[in-house]
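Undergrad: Structure below; questions to follow.
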Amino acid sequence: MEVKKTIFQTTYVASVTSASSLVPSDITNSLVQNGLITSESDLVNGQTVEVLDQNGVDIGVYVWSSSWSFISPEIPTFRDMYRFAPGDVASFRNVSDIRTYVALEHVTPILDLEVYYDNGVFERSNLSETVKWIDPAYHLEDIVFDERFGATSFYRVTRSFTPPAQRTVWNGSVRASTPRIEEIYDNLLKFVCLATCSESIISRLRDNSSSVKLGTCQINLASKSLGSKTDTFVFESTDYQSQSANISDFPRSSFEYGNVDYGTGTLAL
């Protein structure tokens, strides 16, 4: 299902005789002939036109900026993530104020209420009290996991992002993006528990789970005379004992992202 095309309107609609030999002046002449403008001087920069052939088939969408420029093969539509049928109720929240609206038509939201309200697709309902099952303090979050050699790590998504196929990381090398690399880029945060040297590092969520293991080794070098941290080195985890660990953070590194601060653990965040 798609949002119906009439919601997204161009300024003009023009019909031309030939798509293969179309030039900008043909669009202007069509608008003049149909009485939509008197001359080119009526056009304003930013105005758009949907151009059709004689059979009503889309040729493209053009925008005016001293001349007509092609911007799209057709008027855009939005495919749905979810949809409403007539009578369905949608609730929109602004901080603690929740307002409900009743859909009058079949519609797929694009998360911009004004588009639908102004076009008569939604109307304000007469429900004044907060819907009981909505908690204004609740925040939906996504959890991703990374499974390697039977061990599973869980990460909390800390902000909206689309992971690229590759990232430029320490020492300027380009690597395939992984949850650990996205964590270094401040997009994810691993679920970990604080453990001391006297505690056993064991699986606490389920068999083969390594959620309590950092998988990295961070060494803080402190001045013996001053007693404060001076330098930090972070060694990334490896798949095999024979592999040499990559150093992702070190003094005077040119890589803009540093080590991750887990505090006393992240399970309770």
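In the structure tokens, the first chain shown is A, the next is B, and so on; residue numbers restart at 1 for each chain, and ligands run from 1 in the order shown.
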Show me, as a ChimeraX atom specification, the residues that have an atom within 8 Å of Ser248 of chain A when counting only C-alpha atoms, minus same-chain residues fewer than 2 positions from it.

TA: /A:169-170,233-236,246,250,258-259

Undergrad: Would you mind listing what lies within 9 Å of segment 31-44 of chain A as a VMD selection string, with only C-alpha atoms counted and same-chain residues fewer than 4 positions away left out?

TA: chain A and resid 12 to 15 26 to 27 64 to 66

Undergrad: Print the selection's residues with C-alpha atoms to a file, as a CSV table (one decimal), in the first residue's frame.

TA:
```
chain,number,residue,atom,x,y,z
A,12,TYR,CA,1.2,22.7,-12.4
A,13,VAL,CA,0.3,19.8,-14.7
A,14,ALA,CA,1.4,20.1,-18.3
A,15,SER,CA,0.7,17.8,-21.3
A,26,ASP,CA,7.6,23.0,-24.6
A,27,ILE,CA,6.5,22.8,-20.9
A,64,TRP,CA,11.5,26.1,-12.3
A,65,SER,CA,14.7,28.0,-11.7
A,66,SER,CA,15.0,30.4,-14.6
```

Undergrad: Can you pull out every residue within 8 Å of Tyr262 of chain A, counting only C-alpha atoms, but drop anything in the same chain fewer than 3 positions away, and send it as a PyMOL selection string?

TA: chain A and resi 192+265-266

Undergrad: Could you pull out all residues of segment 2-105 of chain A with a DSSP call of alpha helix (DSSP H) and give them as a list in words?

TA: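 Across segment 2-105 of chain A, those assigned alpha helix (DSSP H) are Pro24, Ser25, Asp26, Ile27, Thr28, Asn29, Ser30, Leu31, Val32 and Gln33 of chain A.
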